[in-house]
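Asker: protein-v8.csv is reproduced in full below (CSV, N, CA and C atoms).
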```csv
chain,number,residue,atom,x,y,z
Q,243,MET,N,-59.8,-24.7,8.1
Q,243,MET,CA,-60.7,-23.7,8.6
Q,243,MET,C,-60.0,-22.3,8.6
Q,244,ALA,N,-58.7,-22.3,8.7
Q,244,ALA,CA,-58.0,-21.0,8.8
Q,244,ALA,C,-58.3,-20.0,7.6
Q,245,PRO,N,-58.3,-20.5,6.4
Q,245,PRO,CA,-58.7,-19.6,5.3
Q,245,PRO,C,-60.1,-19.1,5.4
Q,246,LEU,N,-61.0,-19.9,5.8
Q,246,LEU,CA,-62.4,-19.5,5.9
Q,246,LEU,C,-62.6,-18.5,7.1
Q,247,ARG,N,-61.9,-18.7,8.2
Q,247,ARG,CA,-61.9,-17.8,9.3
Q,247,ARG,C,-61.3,-16.4,8.9
Q,248,ARG,N,-60.3,-16.4,8.1
Q,248,ARG,CA,-59.7,-15.2,7.6
Q,248,ARG,C,-60.7,-14.4,6.7
Q,249,GLN,N,-61.3,-15.2,5.8
Q,249,GLN,CA,-62.4,-14.6,5.0
Q,249,GLN,C,-63.5,-14.0,5.8
Q,250,TRP,N,-63.9,-14.7,6.8
Q,250,TRP,CA,-65.0,-14.3,7.7
Q,250,TRP,C,-64.6,-13.0,8.4
Q,251,ALA,N,-63.4,-12.9,8.9
Q,251,ALA,CA,-62.9,-11.7,9.6
Q,251,ALA,C,-62.9,-10.5,8.6
Q,252,GLU,N,-62.6,-10.8,7.3
Q,252,GLU,CA,-62.6,-9.7,6.3
Q,252,GLU,C,-64.0,-9.2,6.1
Q,253,VAL,N,-65.0,-10.2,6.0
Q,253,VAL,CA,-66.4,-9.8,5.8
Q,253,VAL,C,-66.9,-9.0,7.0
Q,254,GLN,N,-66.5,-9.5,8.2
Q,254,GLN,CA,-67.0,-8.7,9.4
Q,254,GLN,C,-66.4,-7.3,9.4
Q,255,ALA,N,-65.2,-7.2,9.1
Q,255,ALA,CA,-64.6,-5.8,9.0
Q,255,ALA,C,-65.3,-4.9,8.0
Q,256,LYS,N,-65.6,-5.5,6.8
Q,256,LYS,CA,-66.3,-4.8,5.8
Q,256,LYS,C,-67.7,-4.3,6.3
Q,257,VAL,N,-68.4,-5.3,6.9
Q,257,VAL,CA,-69.8,-5.0,7.4
Q,257,VAL,C,-69.7,-3.9,8.5
Q,258,GLU,N,-68.7,-4.0,9.4
Q,258,GLU,CA,-68.6,-3.0,10.4
Q,258,GLU,C,-68.4,-1.6,9.8
Q,259,GLY,N,-67.5,-1.5,8.8
Q,259,GLY,CA,-67.3,-0.3,8.1
Q,259,GLY,C,-68.6,0.2,7.4
Q,260,LEU,N,-69.3,-0.7,6.8
Q,260,LEU,CA,-70.6,-0.3,6.2
Q,260,LEU,C,-71.6,0.2,7.2
Q,261,LEU,N,-71.6,-0.4,8.4
Q,261,LEU,CA,-72.5,0.0,9.5
Q,261,LEU,C,-72.1,1.4,10.0
Q,262,ALA,N,-70.8,1.7,10.1
Q,262,ALA,CA,-70.4,3.0,10.5
Q,262,ALA,C,-70.8,4.0,9.4
Q,263,GLY,N,-70.7,3.7,8.2
Q,263,GLY,CA,-71.1,4.6,7.1
Q,263,GLY,C,-72.6,4.8,7.1
Q,264,ARG,N,-73.4,3.8,7.4
Q,264,ARG,CA,-74.8,3.9,7.5
Q,264,ARG,C,-75.3,4.8,8.6
Q,265,ARG,N,-74.6,4.8,9.7
Q,265,ARG,CA,-75.0,5.7,10.8
Q,265,ARG,C,-74.7,7.2,10.4
Q,266,GLU,N,-73.8,7.4,9.5
Q,266,GLU,CA,-73.5,8.8,9.1
Q,266,GLU,C,-74.3,9.2,7.8
Q,267,ALA,N,-75.0,8.2,7.2
Q,267,ALA,CA,-75.8,8.5,6.0
Q,267,ALA,C,-76.9,9.5,6.2
Q,268,LYS,N,-77.0,10.4,5.3
Q,268,LYS,CA,-78.0,11.5,5.4
Q,268,LYS,C,-79.3,11.2,4.8
Q,269,THR,N,-79.4,10.3,3.8
Q,269,THR,CA,-80.6,10.0,3.0
Q,269,THR,C,-81.0,8.6,3.2
Q,270,ALA,N,-82.3,8.4,3.1
Q,270,ALA,CA,-82.9,7.0,3.2
Q,270,ALA,C,-82.4,6.1,2.0
Q,271,ALA,N,-82.2,6.7,0.9
Q,271,ALA,CA,-81.7,5.9,-0.3
Q,271,ALA,C,-80.2,5.4,0.0
Q,272,SER,N,-79.5,6.3,0.6
Q,272,SER,CA,-78.1,5.9,1.0
Q,272,SER,C,-78.1,4.8,2.0
Q,273,LYS,N,-79.0,4.9,3.0
Q,273,LYS,CA,-79.1,3.8,4.0
Q,273,LYS,C,-79.5,2.5,3.4
Q,274,ARG,N,-80.5,2.6,2.4
Q,274,ARG,CA,-80.9,1.3,1.7
Q,274,ARG,C,-79.8,0.7,0.9
Q,275,LYS,N,-79.0,1.5,0.3
Q,275,LYS,CA,-77.9,1.0,-0.5
Q,275,LYS,C,-76.9,0.3,0.4
Q,276,THR,N,-76.6,0.9,1.6
Q,276,THR,CA,-75.7,0.4,2.5
Q,276,THR,C,-76.3,-1.0,3.1
Q,277,ASP,N,-77.6,-1.0,3.4
Q,277,ASP,CA,-78.2,-2.2,3.9
Q,277,ASP,C,-78.1,-3.3,2.8
Q,278,LYS,N,-78.2,-3.0,1.6
Q,278,LYS,CA,-78.1,-4.0,0.5
Q,278,LYS,C,-76.7,-4.5,0.4
Q,279,ALA,N,-75.7,-3.6,0.6
Q,279,ALA,CA,-74.3,-4.1,0.6
Q,279,ALA,C,-74.0,-5.0,1.7
Q,280,ILE,N,-74.5,-4.7,2.9
Q,280,ILE,CA,-74.4,-5.5,4.1
Q,280,ILE,C,-75.0,-6.9,3.8
Q,281,ASP,N,-76.2,-6.9,3.4
Q,281,ASP,CA,-76.9,-8.2,3.1
Q,281,ASP,C,-76.1,-9.0,2.1
Q,282,THR,N,-75.6,-8.4,1.0
Q,282,THR,CA,-74.8,-9.1,0.0
Q,282,THR,C,-73.6,-9.7,0.6
Q,283,ALA,N,-72.8,-8.9,1.4
Q,283,ALA,CA,-71.6,-9.4,1.9
Q,283,ALA,C,-71.8,-10.6,2.8
Q,284,ILE,N,-72.8,-10.6,3.6
Q,284,ILE,CA,-73.1,-11.7,4.5
Q,284,ILE,C,-73.6,-12.9,3.7
Q,285,GLN,N,-74.5,-12.7,2.8
Q,285,GLN,CA,-75.1,-13.8,2.0
Q,285,GLN,C,-74.0,-14.4,1.1
Q,286,ASP,N,-73.1,-13.6,0.5
Q,286,ASP,CA,-72.1,-14.2,-0.3
Q,286,ASP,C,-71.1,-15.1,0.5
Q,287,PHE,N,-70.8,-14.7,1.7
Q,287,PHE,CA,-70.0,-15.5,2.5
Q,287,PHE,C,-70.7,-16.8,2.9
Q,288,LEU,N,-72.0,-16.7,3.3
Q,288,LEU,CA,-72.7,-17.9,3.6
Q,288,LEU,C,-72.8,-18.9,2.4
Q,289,HIS,N,-73.0,-18.3,1.2
Q,289,HIS,CA,-73.0,-19.2,0.0
Q,289,HIS,C,-71.7,-19.8,-0.2
Q,290,HIS,N,-70.6,-19.1,0.0
Q,290,HIS,CA,-69.3,-19.6,-0.1
Q,290,HIS,C,-69.1,-20.8,0.9
Q,291,LEU,N,-69.5,-20.6,2.1
Q,291,LEU,CA,-69.3,-21.6,3.1
Q,291,LEU,C,-70.2,-22.9,2.8
Q,292,ALA,N,-71.4,-22.6,2.3
Q,292,ALA,CA,-72.3,-23.7,2.0
Q,292,ALA,C,-71.9,-24.5,0.7
Q,293,THR,N,-71.0,-24.0,-0.1
Q,293,THR,CA,-70.6,-24.7,-1.3
Q,293,THR,C,-69.2,-25.3,-1.2
Q,294,ARG,N,-68.5,-25.1,-0.1
Q,294,ARG,CA,-67.2,-25.8,0.1
Q,294,ARG,C,-67.4,-27.3,0.2
Q,295,ARG,N,-66.5,-28.0,-0.3
Q,295,ARG,CA,-66.5,-29.5,-0.2
Q,295,ARG,C,-65.3,-29.9,0.5
Q,296,ILE,N,-65.4,-31.0,1.3
Q,296,ILE,CA,-64.3,-31.6,2.0
Q,296,ILE,C,-64.2,-33.1,1.6
Q,297,LEU,N,-63.0,-33.5,1.3
Q,297,LEU,CA,-62.7,-34.9,0.9
Q,297,LEU,C,-61.7,-35.5,1.9
Q,298,ASP,N,-62.1,-36.6,2.4
Q,298,ASP,CA,-61.2,-37.4,3.2
Q,298,ASP,C,-60.9,-38.7,2.5
Q,299,PRO,N,-59.7,-38.8,1.9
Q,299,PRO,CA,-59.4,-40.0,1.0
Q,299,PRO,C,-59.2,-41.3,1.8
Q,300,ALA,N,-59.2,-41.3,3.1
Q,300,ALA,CA,-59.2,-42.6,3.8
Q,300,ALA,C,-60.0,-42.3,5.1
Q,301,CYS,N,-61.3,-42.3,4.9
Q,301,CYS,CA,-62.2,-41.8,6.0
Q,301,CYS,C,-62.4,-42.7,7.2
Q,302,GLY,N,-62.1,-44.0,7.0
Q,302,GLY,CA,-62.3,-44.9,8.1
Q,302,GLY,C,-63.7,-44.7,8.7
Q,303,SER,N,-63.8,-44.5,10.0
Q,303,SER,CA,-65.2,-44.4,10.6
Q,303,SER,C,-65.7,-42.9,10.6
Q,304,GLY,N,-65.0,-42.0,9.9
Q,304,GLY,CA,-65.5,-40.7,9.7
Q,304,GLY,C,-65.2,-39.6,10.7
Q,305,ASN,N,-64.2,-39.9,11.6
Q,305,ASN,CA,-63.9,-38.9,12.6
Q,305,ASN,C,-63.5,-37.5,12.0
Q,306,PHE,N,-62.6,-37.5,11.0
Q,306,PHE,CA,-62.2,-36.2,10.4
Q,306,PHE,C,-63.4,-35.5,9.8
Q,307,LEU,N,-64.2,-36.2,9.1
Q,307,LEU,CA,-65.4,-35.6,8.5
Q,307,LEU,C,-66.4,-35.1,9.6
Q,308,TYR,N,-66.5,-35.8,10.7
Q,308,TYR,CA,-67.4,-35.4,11.8
Q,308,TYR,C,-66.9,-34.1,12.3
Q,309,VAL,N,-65.6,-34.0,12.6
Q,309,VAL,CA,-65.0,-32.8,13.1
Q,309,VAL,C,-65.2,-31.6,12.1
Q,310,ALA,N,-65.0,-31.9,10.9
Q,310,ALA,CA,-65.1,-30.9,9.8
Q,310,ALA,C,-66.5,-30.3,9.8
Q,311,ILE,N,-67.5,-31.1,9.8
Q,311,ILE,CA,-68.9,-30.5,9.7
Q,311,ILE,C,-69.2,-29.8,11.0
Q,312,GLN,N,-68.7,-30.2,12.1
Q,312,GLN,CA,-68.9,-29.5,13.4
Q,312,GLN,C,-68.3,-28.1,13.3
Q,313,GLN,N,-67.0,-28.0,12.7
Q,313,GLN,CA,-66.3,-26.7,12.5
Q,313,GLN,C,-67.1,-25.8,11.5
Q,314,PHE,N,-67.6,-26.4,10.4
Q,314,PHE,CA,-68.3,-25.6,9.4
Q,314,PHE,C,-69.6,-25.1,10.1
Q,315,LEU,N,-70.3,-25.9,10.8
Q,315,LEU,CA,-71.5,-25.5,11.4
Q,315,LEU,C,-71.3,-24.4,12.5
Q,316,GLU,N,-70.2,-24.5,13.3
Q,316,GLU,CA,-69.9,-23.5,14.3
Q,316,GLU,C,-69.6,-22.1,13.6
Q,317,LEU,N,-68.8,-22.2,12.5
Q,317,LEU,CA,-68.5,-20.9,11.8
Q,317,LEU,C,-69.8,-20.3,11.2
Q,318,GLU,N,-70.6,-21.2,10.6
Q,318,GLU,CA,-71.9,-20.7,10.1
Q,318,GLU,C,-72.8,-20.1,11.2
Q,319,LYS,N,-72.8,-20.7,12.4
Q,319,LYS,CA,-73.5,-20.1,13.5
Q,319,LYS,C,-73.0,-18.8,13.9
Q,320,GLU,N,-71.7,-18.6,13.9
Q,320,GLU,CA,-71.1,-17.3,14.1
Q,320,GLU,C,-71.6,-16.2,13.2
Q,321,VAL,N,-71.7,-16.6,11.9
Q,321,VAL,CA,-72.2,-15.7,10.9
Q,321,VAL,C,-73.7,-15.4,11.1
Q,322,ILE,N,-74.5,-16.4,11.4
Q,322,ILE,CA,-75.9,-16.2,11.7
Q,322,ILE,C,-76.1,-15.3,12.9
Q,323,THR,N,-75.3,-15.5,13.9
Q,323,THR,CA,-75.4,-14.7,15.1
Q,323,THR,C,-75.0,-13.3,14.8
Q,324,PHE,N,-74.0,-13.1,14.1
Q,324,PHE,CA,-73.5,-11.7,13.7
Q,324,PHE,C,-74.6,-11.0,12.9
Q,325,ALA,N,-75.2,-11.8,12.0
Q,325,ALA,CA,-76.3,-11.2,11.1
Q,325,ALA,C,-77.5,-10.9,11.8
Q,326,ALA,N,-77.8,-11.5,13.0
Q,326,ALA,CA,-79.0,-11.3,13.8
Q,326,ALA,C,-78.9,-10.1,14.7
Q,327,ARG,N,-77.7,-9.4,14.7
Q,327,ARG,CA,-77.6,-8.3,15.6
Q,327,ARG,C,-78.7,-7.2,15.2
Q,328,PRO,N,-79.1,-6.5,16.2
Q,328,PRO,CA,-80.2,-5.5,15.9
Q,328,PRO,C,-79.9,-4.5,14.8
Q,329,ASP,N,-78.6,-4.1,14.7
Q,329,ASP,CA,-78.2,-3.1,13.7
Q,329,ASP,C,-78.1,-3.8,12.3
Q,330,ILE,N,-78.2,-5.1,12.2
Q,330,ILE,CA,-78.2,-5.8,10.9
Q,330,ILE,C,-79.5,-6.4,10.6
Q,331,GLY,N,-80.0,-7.2,11.6
Q,331,GLY,CA,-81.4,-7.7,11.5
Q,331,GLY,C,-81.7,-8.7,10.5
Q,332,GLN,N,-80.8,-9.6,10.2
Q,332,GLN,CA,-81.1,-10.7,9.3
Q,332,GLN,C,-81.4,-12.0,10.0
Q,333,GLY,N,-82.5,-12.6,9.7
Q,333,GLY,CA,-82.9,-13.9,10.3
Q,333,GLY,C,-82.4,-15.0,9.3
Q,334,LEU,N,-81.4,-15.7,9.6
Q,334,LEU,CA,-80.9,-16.7,8.7
Q,334,LEU,C,-80.9,-18.1,9.3
Q,335,PHE,N,-80.8,-19.1,8.5
Q,335,PHE,CA,-80.9,-20.5,8.9
Q,335,PHE,C,-79.7,-21.2,8.3
Q,336,PRO,N,-79.1,-22.2,8.9
Q,336,PRO,CA,-77.9,-22.9,8.4
Q,336,PRO,C,-78.2,-23.6,7.0
Q,337,HIS,N,-77.1,-23.5,6.2
Q,337,HIS,CA,-77.2,-24.1,4.9
Q,337,HIS,C,-76.1,-25.1,4.7
Q,338,VAL,N,-75.2,-25.3,5.7
Q,338,VAL,CA,-74.1,-26.3,5.6
Q,338,VAL,C,-74.8,-27.6,5.8
Q,339,ARG,N,-74.5,-28.6,5.0
Q,339,ARG,CA,-75.1,-29.9,5.0
Q,339,ARG,C,-74.1,-31.0,5.0
Q,340,PRO,N,-74.4,-32.2,5.5
Q,340,PRO,CA,-73.5,-33.3,5.4
Q,340,PRO,C,-73.1,-33.7,3.9
Q,341,THR,N,-73.9,-33.3,3.0
Q,341,THR,CA,-73.7,-33.7,1.6
Q,341,THR,C,-72.4,-32.9,1.1
Q,342,GLN,N,-71.9,-32.0,1.8
Q,342,GLN,CA,-70.7,-31.3,1.4
Q,342,GLN,C,-69.4,-32.1,1.7
Q,343,LEU,N,-69.6,-33.2,2.5
Q,343,LEU,CA,-68.5,-34.0,2.9
Q,343,LEU,C,-68.4,-35.3,2.0
Q,344,HIS,N,-67.2,-35.6,1.7
Q,344,HIS,CA,-67.0,-36.8,0.8
Q,344,HIS,C,-65.8,-37.6,1.4
Q,345,GLY,N,-66.1,-38.9,1.6
Q,345,GLY,CA,-65.0,-39.8,2.1
Q,345,GLY,C,-64.9,-41.0,1.2
Q,346,LEU,N,-63.6,-41.5,1.1
Q,346,LEU,CA,-63.3,-42.7,0.4
Q,346,LEU,C,-62.9,-43.7,1.4
Q,347,GLU,N,-63.4,-44.9,1.2
Q,347,GLU,CA,-63.0,-46.0,2.1
Q,347,GLU,C,-63.2,-47.4,1.4
Q,348,LEU,N,-62.2,-48.2,1.6
Q,348,LEU,CA,-62.3,-49.6,1.0
Q,348,LEU,C,-63.2,-50.5,1.7
Q,349,ASN,N,-63.3,-50.4,3.0
Q,349,ASN,CA,-64.1,-51.2,3.8
Q,349,ASN,C,-65.6,-50.7,3.8
Q,350,PRO,N,-66.5,-51.5,3.2
Q,350,PRO,CA,-67.9,-51.0,3.1
Q,350,PRO,C,-68.6,-50.7,4.4
Q,351,TYR,N,-68.2,-51.5,5.4
Q,351,TYR,CA,-68.8,-51.3,6.8
Q,351,TYR,C,-68.3,-50.0,7.3
Q,352,ALA,N,-67.1,-49.7,7.2
Q,352,ALA,CA,-66.5,-48.4,7.7
Q,352,ALA,C,-67.1,-47.2,7.0
Q,353,ALA,N,-67.3,-47.4,5.7
Q,353,ALA,CA,-67.9,-46.3,4.9
Q,353,ALA,C,-69.4,-46.0,5.3
Q,354,GLU,N,-70.1,-47.0,5.6
Q,354,GLU,CA,-71.5,-46.8,6.1
Q,354,GLU,C,-71.5,-46.2,7.5
Q,355,LEU,N,-70.6,-46.7,8.3
Q,355,LEU,CA,-70.4,-46.2,9.7
Q,355,LEU,C,-70.1,-44.7,9.6
Q,356,ALA,N,-69.2,-44.3,8.7
Q,356,ALA,CA,-68.8,-42.9,8.6
Q,356,ALA,C,-70.0,-42.0,8.2
Q,357,GLN,N,-70.8,-42.5,7.3
Q,357,GLN,CA,-72.0,-41.8,6.9
Q,357,GLN,C,-73.0,-41.6,8.0
Q,358,VAL,N,-73.2,-42.6,8.8
Q,358,VAL,CA,-74.1,-42.6,10.0
Q,358,VAL,C,-73.6,-41.6,11.0
Q,359,VAL,N,-72.3,-41.7,11.3
Q,359,VAL,CA,-71.6,-40.8,12.3
Q,359,VAL,C,-71.8,-39.3,11.9
Q,360,ILE,N,-71.6,-39.0,10.6
Q,360,ILE,CA,-71.7,-37.6,10.1
Q,360,ILE,C,-73.2,-37.1,10.3
Q,361,TRP,N,-74.1,-38.0,9.9
Q,361,TRP,CA,-75.5,-37.5,9.9
Q,361,TRP,C,-76.0,-37.4,11.4
Q,362,ILE,N,-75.6,-38.3,12.2
Q,362,ILE,CA,-76.0,-38.2,13.7
Q,362,ILE,C,-75.4,-36.9,14.3
Q,363,GLY,N,-74.1,-36.7,14.0
Q,363,GLY,CA,-73.4,-35.5,14.5
Q,363,GLY,C,-74.1,-34.2,14.0
Q,364,TYR,N,-74.5,-34.2,12.7
Q,364,TYR,CA,-75.2,-33.1,12.1
Q,364,TYR,C,-76.5,-32.8,12.8
Q,365,LEU,N,-77.3,-33.9,13.0
Q,365,LEU,CA,-78.6,-33.7,13.6
Q,365,LEU,C,-78.5,-33.3,15.0
Q,366,GLN,N,-77.6,-33.9,15.8
Q,366,GLN,CA,-77.4,-33.5,17.2
Q,366,GLN,C,-77.0,-32.0,17.3
Q,367,TRP,N,-76.1,-31.6,16.4
Q,367,TRP,CA,-75.7,-30.2,16.4
Q,367,TRP,C,-76.9,-29.3,16.1
Q,368,MET,N,-77.7,-29.6,15.1
Q,368,MET,CA,-78.8,-28.8,14.8
Q,368,MET,C,-79.8,-28.7,16.0
Q,369,ARG,N,-80.0,-29.9,16.7
Q,369,ARG,CA,-80.9,-29.9,17.8
Q,369,ARG,C,-80.3,-29.1,19.0
Q,370,ASP,N,-79.0,-29.3,19.3
Q,370,ASP,CA,-78.4,-28.7,20.4
Q,370,ASP,C,-78.3,-27.2,20.3
Q,371,ASN,N,-78.3,-26.7,19.0
Q,371,ASN,CA,-78.2,-25.3,18.8
Q,371,ASN,C,-79.5,-24.6,18.4
Q,372,GLY,N,-80.6,-25.3,18.7
Q,372,GLY,CA,-81.9,-24.7,18.5
Q,372,GLY,C,-82.5,-24.6,17.1
Q,373,PHE,N,-82.0,-25.4,16.2
Q,373,PHE,CA,-82.5,-25.2,14.8
Q,373,PHE,C,-83.5,-26.3,14.5
Q,374,ILE,N,-83.6,-27.3,15.3
Q,374,ILE,CA,-84.7,-28.3,15.2
Q,374,ILE,C,-85.1,-28.7,16.6
Q,375,ARG,N,-86.3,-29.3,16.7
Q,375,ARG,CA,-86.8,-29.7,18.0
Q,375,ARG,C,-86.7,-31.2,18.1
```
Can you dump the structure from the file as structure tokens?
Answerer:
Amino acid sequence: MAPLRRQWAEVQAKVEGLLAGRREAKTAASKRKTDKAIDTAIQDFLHHLATRRILDPACGSGNFLYVAIQQFLELEKEVITFAARPDIGQGLFPHVRPTQLHGLELNPYAAELAQVVIWIGYLQWMRDNGFIR
């Protein structure tokens, strides 16, 4: 998660700089161009996050993968919350999915258990964070 958090910090700093520039912009066209740059920066990071893959070569019951998706979803929630600020105004929905996680396991029962654990954790996170009822 450390590299992704560093990348997110860089995107936040870039967006904050663009917001400062937008406040000083004199023309509507300049403001629109800045808004587009802000949207692109946030959307590009979200796409990057939603296309990362995680492999656990000995997944057992899936604890590592469970924690990984929780961390991905928490970071994505930070991005969504940041983008929802009044000065940015983007309404976004999570794109991180359990299908980004891959585990290898010799025991077929453990492999099935890992898959169920990941999906239950994902659905609980979505419910607990207000994305599904």
Asker: Here is a test: counting all atoms listed in the file, which residue of Q:Ala271, Q:Ile374, Q:Ala244, Q:Ala279 is nearest to Val257 in chain Q?
Answerer: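 For Val257 in chain Q, the nearest of the given residues is Q:Ala279.
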Asker: Once DSSP has gone over the backbone, tell me which residues of range 251-363 of chain Q are in alpha helix (DSSP H), as a PyMOL selection string.
Answerer: chain Q and resi 251-266+270-292+305-325+350-363
Asker: Kindly assemble as a tab-separated table a list of the range 243-318 of chain Q residues that lie within 12 Å of range 323-337 of chain Q, each paired with its nearest atom pair and their distance in Å to one decimal, using only C-alpha atoms, sorted first by chain and then by ascending residue number.
Answerer:
```
residue	atom	partner	partner_atom	distance
Q:Trp250	CA	Q:Phe324	CA	10.7
Q:Ala251	CA	Q:Phe324	CA	11.4
Q:Val253	CA	Q:Phe324	CA	10.8
Q:Gln254	CA	Q:Phe324	CA	8.4
Q:Ala255	CA	Q:Phe324	CA	11.7
Q:Val257	CA	Q:Ile330	CA	9.1
Q:Glu258	CA	Q:Ile330	CA	10.0
Q:Leu260	CA	Q:Ile330	CA	10.5
Q:Leu261	CA	Q:Asp329	CA	7.7
Q:Ala262	CA	Q:Asp329	CA	10.4
Q:Arg264	CA	Q:Asp329	CA	9.9
Q:Arg265	CA	Q:Asp329	CA	9.8
Q:Lys273	CA	Q:Ile330	CA	11.9
Q:Arg274	CA	Q:Ile330	CA	11.9
Q:Thr276	CA	Q:Ile330	CA	10.7
Q:Asp277	CA	Q:Ile330	CA	7.9
Q:Lys278	CA	Q:Ile330	CA	10.6
Q:Ala279	CA	Q:Ile330	CA	11.1
Q:Ile280	CA	Q:Ile330	CA	7.8
Q:Asp281	CA	Q:Gln332	CA	7.9
Q:Thr282	CA	Q:Gln332	CA	11.3
Q:Ala283	CA	Q:Ala325	CA	10.5
Q:Ile284	CA	Q:Ala325	CA	7.4
Q:Gln285	CA	Q:Leu334	CA	9.3
Q:Phe287	CA	Q:His337	CA	11.5
Q:Leu288	CA	Q:His337	CA	7.8
Q:His289	CA	Q:His337	CA	8.1
Q:His290	CA	Q:His337	CA	10.4
Q:Leu291	CA	Q:His337	CA	8.5
Q:Ala292	CA	Q:His337	CA	5.7
Q:Thr293	CA	Q:His337	CA	9.1
Q:Arg294	CA	Q:His337	CA	11.2
Q:Ile311	CA	Q:His337	CA	11.5
Q:Phe314	CA	Q:Pro336	CA	10.0
Q:Leu315	CA	Q:Pro336	CA	7.5
Q:Glu316	CA	Q:Pro336	CA	10.0
Q:Leu317	CA	Q:Thr323	CA	9.8
Q:Glu318	CA	Q:Pro336	CA	6.6
```
Asker: DSSP on the backbone: what in chain Q comes out strand (DSSP E), as number ranges by chain?
Answerer: Q: 296-298, 343-345
Asker: Q:Ala352, Q:Ala310, Q:Gln342, Q:Ser272: which is nearest Met243 in chain Q, counting only C-alpha atoms?
Answerer: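 Nearest to Met243 in chain Q: Q:Ala310.
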Asker: With distances taken over only N, CA and C atoms, which residue among Q:Trp361, Q:Glu354, Q:Pro340, Q:Leu346 lies nearest Asp298 in chain Q?
Answerer: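 Smallest separation from Asp298 in chain Q among the options: Q:Leu346.
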Asker: Expressed in Å to a single decimal, how great is the separation between CA of Tyr364 in chain Q and CA of Ile296 in chain Q?
Answerer: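 Interatomic distance here is 14.9 Å.
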Asker: Using only C-alpha atoms, can you tell me which of Q:Gly302, Q:Met368, Q:Pro245, Q:Val359 comes closest to Lys319 in chain Q?
Answerer: Q:Met368
Asker: Find the residues near Ala300 in chain Q: any atom within 8 Å, counting only N, CA and C atoms, skip ones fewer than 6 places away on the same chain, and give them as a list in words.
Answerer: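 Everything that qualifies: His344, Gly345, Leu346, Glu347 and Leu348 of chain Q.
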Asker: Pick out the residues sitting within 12 Å of Ile362 in chain Q, and hand them over as a PyMOL selection string; count only C-alpha atoms, and ignore anything fewer than 5 positions along from it in its own chain.
Answerer: chain Q and resi 304+308+311-312+340+355-357+367-370
Asker: Rounded to one decimal in Å, what is the spacing between atom N of Asn305 in chain Q and CA of Ile360 in chain Q?
Answerer: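 These atoms are spaced 8.0 Å apart.
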Asker: For CA of Cys301 in chain Q and atom C of Ala353 in chain Q, quote the distance in Å rounded to one decimal.
Answerer: 8.4 Å
